[in-house]
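> Below you'll find upload-v3.pdb; it's PDB, C-alpha atoms.
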```pdb
ATOM      1  CA  LEU A   1      44.509 -15.182 -40.232
ATOM      2  CA  LYS A   2      42.827 -11.825 -39.975
ATOM      3  CA  ILE A   3      44.552  -9.109 -37.936
ATOM      4  CA  PRO A   4      42.155  -6.567 -36.408
ATOM      5  CA  ALA A   5      42.705  -3.020 -37.547
ATOM      6  CA  ILE A   6      44.107  -0.688 -34.923
ATOM      7  CA  VAL A   7      43.419   2.382 -36.994
ATOM      8  CA  GLY A   8      40.420   3.530 -38.941
ATOM      9  CA  PRO A   9      36.919   4.670 -38.098
ATOM     10  CA  ALA A  10      36.944   3.414 -34.481
ATOM     11  CA  CYS A  11      40.257   5.051 -33.724
ATOM     12  CA  PRO A  12      39.114   8.693 -33.356
ATOM     13  CA  ALA A  13      36.276   7.930 -30.930
ATOM     14  CA  ALA A  14      38.414   5.752 -28.692
ATOM     15  CA  MET A  15      41.260   8.230 -28.764
ATOM     16  CA  ALA A  16      38.986  11.212 -28.047
ATOM     17  CA  GLU A  17      37.905   9.501 -24.828
ATOM     18  CA  ASN A  18      41.557   8.862 -24.022
ATOM     19  CA  VAL A  19      42.364  12.567 -24.557
ATOM     20  CA  LEU A  20      39.756  13.563 -21.976
ATOM     21  CA  LYS A  21      41.131  11.012 -19.504
ATOM     22  CA  GLN A  22      44.643  12.369 -20.062
ATOM     23  CA  LEU A  23      43.448  15.911 -19.344
ATOM     24  CA  GLU A  24      41.713  14.771 -16.156
ATOM     25  CA  GLU A  25      44.806  12.893 -14.992
ATOM     26  CA  ALA A  26      47.014  15.908 -15.759
ATOM     27  CA  GLU A  27      44.727  18.132 -13.699
ATOM     28  CA  SER A  28      44.859  15.696 -10.784
ATOM     29  CA  TYR A  29      48.681  15.796 -10.839
ATOM     30  CA  LYS A  30      48.560  19.572 -10.798
ATOM     31  CA  GLN A  31      46.299  19.493  -7.731
ATOM     32  CA  ARG A  32      48.668  17.058  -5.987
ATOM     33  CA  GLY A  33      51.553  19.382  -6.832
ATOM     34  CA  ASN A  34      49.629  22.293  -5.330
ATOM     35  CA  GLN A  35      49.156  20.331  -2.096
ATOM     36  CA  PHE A  36      52.875  19.539  -1.859
ATOM     37  CA  TYR A  37      53.650  23.213  -2.518
ATOM     38  CA  LYS A  38      51.386  24.251   0.371
ATOM     39  CA  GLU A  39      53.208  21.751   2.587
ATOM     40  CA  GLY A  40      56.574  23.237   1.567
ATOM     41  CA  ASP A  41      57.682  20.080  -0.264
ATOM     42  CA  TYR A  42      58.817  21.816  -3.450
ATOM     43  CA  LYS A  43      60.664  18.829  -4.866
ATOM     44  CA  ARG A  44      57.562  16.618  -4.773
ATOM     45  CA  ALA A  45      55.444  19.502  -6.047
ATOM     46  CA  LEU A  46      57.753  19.862  -9.042
ATOM     47  CA  GLY A  47      57.604  16.115  -9.657
ATOM     48  CA  ASN A  48      53.827  16.279  -9.909
ATOM     49  CA  TYR A  49      53.936  19.380 -12.085
ATOM     50  CA  TRP A  50      56.296  17.604 -14.495
ATOM     51  CA  LYS A  51      53.781  14.753 -14.724
ATOM     52  CA  VAL A  52      51.176  17.239 -15.956
ATOM     53  CA  PHE A  53      53.308  17.835 -19.022
ATOM     54  CA  LEU A  54      53.870  14.113 -19.533
ATOM     55  CA  TYR A  55      50.114  13.684 -19.784
ATOM     56  CA  VAL A  56      49.469  16.586 -22.148
ATOM     57  CA  LYS A  57      52.507  15.970 -24.364
ATOM     58  CA  GLY A  58      51.383  14.574 -27.682
ATOM     59  CA  LEU A  59      47.927  16.094 -27.481
ATOM     60  CA  SER A  60      47.297  18.326 -30.437
ATOM     61  CA  VAL A  61      45.214  21.372 -31.024
ATOM     62  CA  PRO A  62      43.752  22.585 -34.331
ATOM     63  CA  GLY A  63      46.531  23.711 -36.628
ATOM     64  CA  ASP A  64      49.141  21.654 -34.741
ATOM     65  CA  THR A  65      52.056  20.559 -36.899
ATOM     66  CA  SER A  66      54.018  18.764 -34.174
ATOM     67  CA  GLU A  67      55.814  15.502 -34.806
ATOM     68  CA  ALA A  68      53.177  13.637 -32.779
ATOM     69  CA  ALA A  69      50.365  15.089 -34.898
ATOM     70  CA  GLN A  70      52.177  14.165 -38.111
ATOM     71  CA  TYR A  71      52.755  10.610 -36.859
ATOM     72  CA  ALA A  72      49.086  10.234 -35.920
ATOM     73  CA  GLY A  73      48.173  11.369 -39.423
ATOM     74  CA  MET A  74      50.445   8.736 -40.973
ATOM     75  CA  MET A  75      48.755   6.090 -38.826
ATOM     76  CA  GLY A  76      45.309   7.097 -40.073
ATOM     77  CA  CYS A  77      44.315   8.776 -36.798
ATOM     78  CA  SER A  78      44.797  12.377 -37.755
ATOM     79  CA  ASN A  79      42.035  13.568 -35.424
ATOM     80  CA  SER A  80      42.650  11.012 -32.694
ATOM     81  CA  MET A  81      44.772  13.002 -30.251
ATOM     82  CA  LYS A  82      43.136  16.355 -30.828
ATOM     83  CA  VAL A  83      41.798  18.183 -27.835
ATOM     84  CA  PRO A  84      38.070  18.887 -28.238
ATOM     85  CA  GLU A  85      37.302  22.518 -29.066
ATOM     86  CA  ASP A  86      35.439  23.015 -25.775
ATOM     87  CA  ARG A  87      38.544  21.957 -23.793
ATOM     88  CA  LEU A  88      41.197  24.031 -25.599
ATOM     89  CA  GLU A  89      41.015  26.909 -23.127
ATOM     90  CA  ASP A  90      41.218  24.435 -20.225
ATOM     91  CA  LEU A  91      44.385  22.947 -21.715
ATOM     92  CA  ARG A  92      45.944  26.395 -22.233
ATOM     93  CA  LYS A  93      45.173  27.425 -18.646
ATOM     94  CA  LEU A  94      46.417  24.098 -17.273
ATOM     95  CA  LYS A  95      49.768  24.445 -19.029
ATOM     96  CA  GLN A  96      50.165  28.105 -18.106
ATOM     97  CA  SER A  97      49.245  27.711 -14.448
ATOM     98  CA  THR A  98      51.459  24.643 -14.114
ATOM     99  CA  HIS A  99      54.430  26.556 -15.542
ATOM    100  CA  LEU A 100      53.712  29.395 -13.087
ATOM    101  CA  ASN A 101      53.474  26.969 -10.172
ATOM    102  CA  MET A 102      56.806  25.476 -11.185
ATOM    103  CA  ALA A 103      58.279  28.979 -11.292
ATOM    104  CA  ALA A 104      57.010  29.565  -7.735
ATOM    105  CA  CYS A 105      58.749  26.351  -6.613
ATOM    106  CA  PHE A 106      61.973  27.450  -8.278
ATOM    107  CA  VAL A 107      61.748  30.817  -6.484
ATOM    108  CA  LYS A 108      61.417  28.992  -3.153
ATOM    109  CA  GLN A 109      64.431  26.834  -4.049
ATOM    110  CA  GLY A 110      66.489  29.797  -5.268
ATOM    111  CA  ASN A 111      66.814  28.186  -8.701
ATOM    112  CA  TRP A 112      66.569  31.442 -10.630
ATOM    113  CA  GLN A 113      67.451  30.227 -14.116
ATOM    114  CA  ARG A 114      64.832  27.472 -13.982
ATOM    115  CA  CYS A 115      62.327  30.059 -12.746
ATOM    116  CA  ILE A 116      62.998  32.156 -15.843
ATOM    117  CA  GLU A 117      62.543  29.112 -18.070
ATOM    118  CA  ALA A 118      59.244  28.199 -16.397
ATOM    119  CA  CYS A 119      58.005  31.780 -16.801
ATOM    120  CA  ASN A 120      58.937  31.702 -20.473
ATOM    121  CA  GLY A 121      56.861  28.543 -20.818
ATOM    122  CA  ALA A 122      53.943  30.197 -19.046
ATOM    123  CA  GLN A 123      54.119  33.183 -21.361
ATOM    124  CA  GLU A 124      53.360  30.917 -24.330
ATOM    125  CA  GLY A 125      49.809  30.795 -22.950
ATOM    126  CA  GLY A 126      49.453  34.587 -22.826
ATOM    127  CA  GLU A 127      50.626  37.450 -20.669
ATOM    128  CA  LEU A 128      49.934  37.608 -16.932
ATOM    129  CA  SER A 129      51.461  39.950 -14.357
ATOM    130  CA  LYS A 130      52.633  36.932 -12.307
ATOM    131  CA  ILE A 131      54.824  35.828 -15.198
ATOM    132  CA  PHE A 132      56.594  39.167 -15.399
ATOM    133  CA  PHE A 133      56.828  39.535 -11.616
ATOM    134  CA  ARG A 134      58.394  36.112 -10.997
ATOM    135  CA  ARG A 135      60.713  36.384 -13.973
ATOM    136  CA  GLY A 136      61.684  39.896 -12.863
ATOM    137  CA  GLN A 137      62.501  38.565  -9.385
ATOM    138  CA  ALA A 138      64.697  35.862 -10.892
ATOM    139  CA  HIS A 139      66.515  38.313 -13.158
ATOM    140  CA  MET A 140      67.089  40.595 -10.187
ATOM    141  CA  GLU A 141      68.606  37.754  -8.163
ATOM    142  CA  LEU A 142      70.883  36.893 -11.089
ATOM    143  CA  ARG A 143      71.817  40.602 -11.358
ATOM    144  CA  HIS A 144      70.346  40.864 -14.857
ATOM    145  CA  LEU A 145      69.121  44.311 -13.887
ATOM    146  CA  ASP A 146      67.958  45.536 -17.295
ATOM    147  CA  GLU A 147      65.894  42.388 -17.853
ATOM    148  CA  ALA A 148      64.513  42.643 -14.324
ATOM    149  CA  GLN A 149      63.500  46.241 -14.934
ATOM    150  CA  ARG A 150      61.744  45.359 -18.200
ATOM    151  CA  ASP A 151      59.757  42.525 -16.580
ATOM    152  CA  LEU A 152      58.895  44.380 -13.372
ATOM    153  CA  GLN A 153      57.794  47.473 -15.297
ATOM    154  CA  ARG A 154      55.521  45.293 -17.443
ATOM    155  CA  ALA A 155      54.097  43.679 -14.297
ATOM    156  CA  ARG A 156      53.490  47.181 -12.861
ATOM    157  CA  GLU A 157      51.634  48.213 -16.051
ATOM    158  CA  MET A 158      49.340  45.222 -15.637
ATOM    159  CA  GLU A 159      48.885  45.549 -11.844
ATOM    160  CA  PRO A 160      49.580  49.180 -10.843
ATOM    161  CA  ASP A 161      48.443  48.721  -7.221
ATOM    162  CA  ASP A 162      50.324  45.515  -6.414
ATOM    163  CA  GLN A 163      52.500  46.143  -3.347
ATOM    164  CA  ALA A 164      54.848  43.210  -4.017
ATOM    165  CA  ILE A 165      55.666  44.621  -7.451
ATOM    166  CA  SER A 166      56.256  48.062  -5.905
ATOM    167  CA  ALA A 167      58.615  46.557  -3.327
ATOM    168  CA  ALA A 168      60.534  44.663  -6.034
ATOM    169  CA  LEU A 169      60.921  47.856  -8.069
ATOM    170  CA  ARG A 170      62.286  49.675  -5.002
ATOM    171  CA  SER A 171      64.788  46.865  -4.458
ATOM    172  CA  LEU A 172      65.748  47.056  -8.102
ATOM    173  CA  ARG A 173      66.387  50.806  -7.876
ATOM    174  CA  SER A 174      68.659  50.133  -4.919
ATOM    175  CA  LEU A 175      70.584  47.505  -6.915
ATOM    176  CA  PHE A 176      70.990  49.937  -9.814
ATOM    177  CA  ALA A 177      72.364  52.563  -7.383
ATOM    178  CA  GLN A 178      74.810  50.012  -5.915
ATOM    179  CA  GLN A 179      75.942  49.017  -9.388
ATOM    180  CA  SER A 180      76.443  52.659 -10.395
ATOM    181  CA  ALA A 181      78.498  53.419  -7.253
ATOM    182  CA  LYS A 182      80.644  50.335  -7.853
ATOM    183  CA  GLU A 183      81.295  51.356 -11.467
ATOM    184  CA  LYS A 184      82.240  54.882 -10.365
ATOM    185  CA  ARG A 185      84.787  53.470  -7.919
ATOM    186  CA  GLN A 186      86.229  51.173 -10.575
ATOM    187  CA  PHE A 187      86.533  53.904 -13.181
ATOM    188  CA  ALA A 188      87.862  56.450 -10.686
ATOM    189  CA  GLY A 189      90.724  54.134  -9.832
ATOM    190  CA  MET A 190      91.392  53.509 -13.510
ATOM    191  CA  PHE A 191      91.577  57.226 -14.333
ATOM    192  CA  ASP A 192      93.818  57.881 -11.320
ATOM    193  CA  ARG A 193      96.235  55.210 -12.529
ATOM    194  CA  MET A 194      96.201  56.670 -16.061
ATOM    195  CA  ALA A 195      97.006  60.146 -14.691
ATOM    196  CA  GLU A 196      99.900  58.760 -12.617
ATOM    197  CA  ALA A 197     101.312  56.975 -15.685
ATOM    198  CA  LYS A 198     101.640  60.254 -17.572
TER     199      LYS A 198
END
```
Could you render the structure as structure tokens?

Amino acid sequence: LKIPAIVGPACPAAMAENVLKQLEEAESYKQRGNQFYKEGDYKRALGNYWKVFLYVKGLSVPGDTSEAAQYAGMMGCSNSMKVPEDRLEDLRKLKQSTHLNMAACFVKQGNWQRCIEACNGAQEGGELSKIFFRRGQAHMELRHLDEAQRDLQRAREMEPDDQAISAALRSLRSLFAQQSAKEKRQFAGMFDRMAEAK
């Protein structure tokens, strides 16, 4: 009884074709997610965006030392799940834009912490003003004012003429002023009580 080999010379070619199909399928899920977002169905949009990452998980890039890449190497298919060099930038952009689209959904849902997490994921692909703007909005809503200021200032550096960033910075200044006034009231009462105690 001879068992056909499932690894070896034929493995990389077959798997390379599979990698391209996975990338195409991931892109189609992103496009479906975009359509649901336009329709205001953020839950279904997020579901499709999550599927993008299911399709690209396990794909490796040159220099990848992930568990999946190590396993493929043990199975004799060390190059099998590698993204072709000419598609690396496409994969990076796909992941980054999908994270940003998820962040936009989380903004619409008011899920600020998840928005921050999605922006952090997007930043792994490089810096964009949208990342800092959306994360700054989320920090502002959570009243993490220093973090919001850092992100919104960075967004402003990248896009100095963006009106939405300018508006967010004005709102942030107002929140800082409110926080300062509140602290003054709290401390004033504390010092008054200390003076009365003497």
> Do a neighbour search on Asp161 (chain A) at 12 Å with all atoms listed in the file, toss out local chain neighbours closer than 6 positions, and write the hits as a ChimeraX atom specification.
/A:129,155,167
> Go ahead and write the residues just picked, C-alpha atoms, as a compact mmCIF listing (two decimals), in the coordinates of the input.

```txt
# COMPACT_ATOMS: atom_id res chain seq x y z
CA SER A 129 51.46 39.95 -14.36
CA ALA A 155 54.10 43.68 -14.30
CA ALA A 167 58.62 46.56 -3.33
```
> I'd like the interatomic distance between CA of Glu89 (chain A) and CA of Val56 (chain A), to a tenth of an Å.
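Answer for the CA of Glu89 (chain A) to CA of Val56 (chain A) separation: 13.4 Å.
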> Which residues are near Ala138 (chain A)? Cut-off 8 Å, only C-alpha atoms, ignore same chain within fewer than 2 positions. Put them as a ChimeraX atom specification.
/A:107,112-113,115-116,134-136,140-142,148
> Take the point (42.1, 18.1, -19.2) in the file's coordinates, draw a sphere of radius 9 Å around it, and report as a ChimeraX atom specification every protein, DNA or RNA residue with an atom inside or on it, counting only C-alpha atoms.
/A:19-27,56,83,87-88,90-91,94
> Would you kindly identify which residues have an atom no farther than 12 Å from (52.7, 47.0, -14.9), using all atoms listed in the file and the file's own coordinates, and write them out as an MDAnalysis selection string?
chainID A and resid 127:133 136 149:166 169
> Let's have the selection written as a CSV table (one decimal), in the frame of the given file, with C-alpha atoms.

```csv
chain,number,residue,atom,x,y,z
A,127,GLU,CA,50.6,37.4,-20.7
A,128,LEU,CA,49.9,37.6,-16.9
A,129,SER,CA,51.5,40.0,-14.4
A,130,LYS,CA,52.6,36.9,-12.3
A,131,ILE,CA,54.8,35.8,-15.2
A,132,PHE,CA,56.6,39.2,-15.4
A,133,PHE,CA,56.8,39.5,-11.6
A,136,GLY,CA,61.7,39.9,-12.9
A,149,GLN,CA,63.5,46.2,-14.9
A,150,ARG,CA,61.7,45.4,-18.2
A,151,ASP,CA,59.8,42.5,-16.6
A,152,LEU,CA,58.9,44.4,-13.4
A,153,GLN,CA,57.8,47.5,-15.3
A,154,ARG,CA,55.5,45.3,-17.4
A,155,ALA,CA,54.1,43.7,-14.3
A,156,ARG,CA,53.5,47.2,-12.9
A,157,GLU,CA,51.6,48.2,-16.1
A,158,MET,CA,49.3,45.2,-15.6
A,159,GLU,CA,48.9,45.5,-11.8
A,160,PRO,CA,49.6,49.2,-10.8
A,161,ASP,CA,48.4,48.7,-7.2
A,162,ASP,CA,50.3,45.5,-6.4
A,163,GLN,CA,52.5,46.1,-3.3
A,164,ALA,CA,54.8,43.2,-4.0
A,165,ILE,CA,55.7,44.6,-7.5
A,166,SER,CA,56.3,48.1,-5.9
A,169,LEU,CA,60.9,47.9,-8.1
```
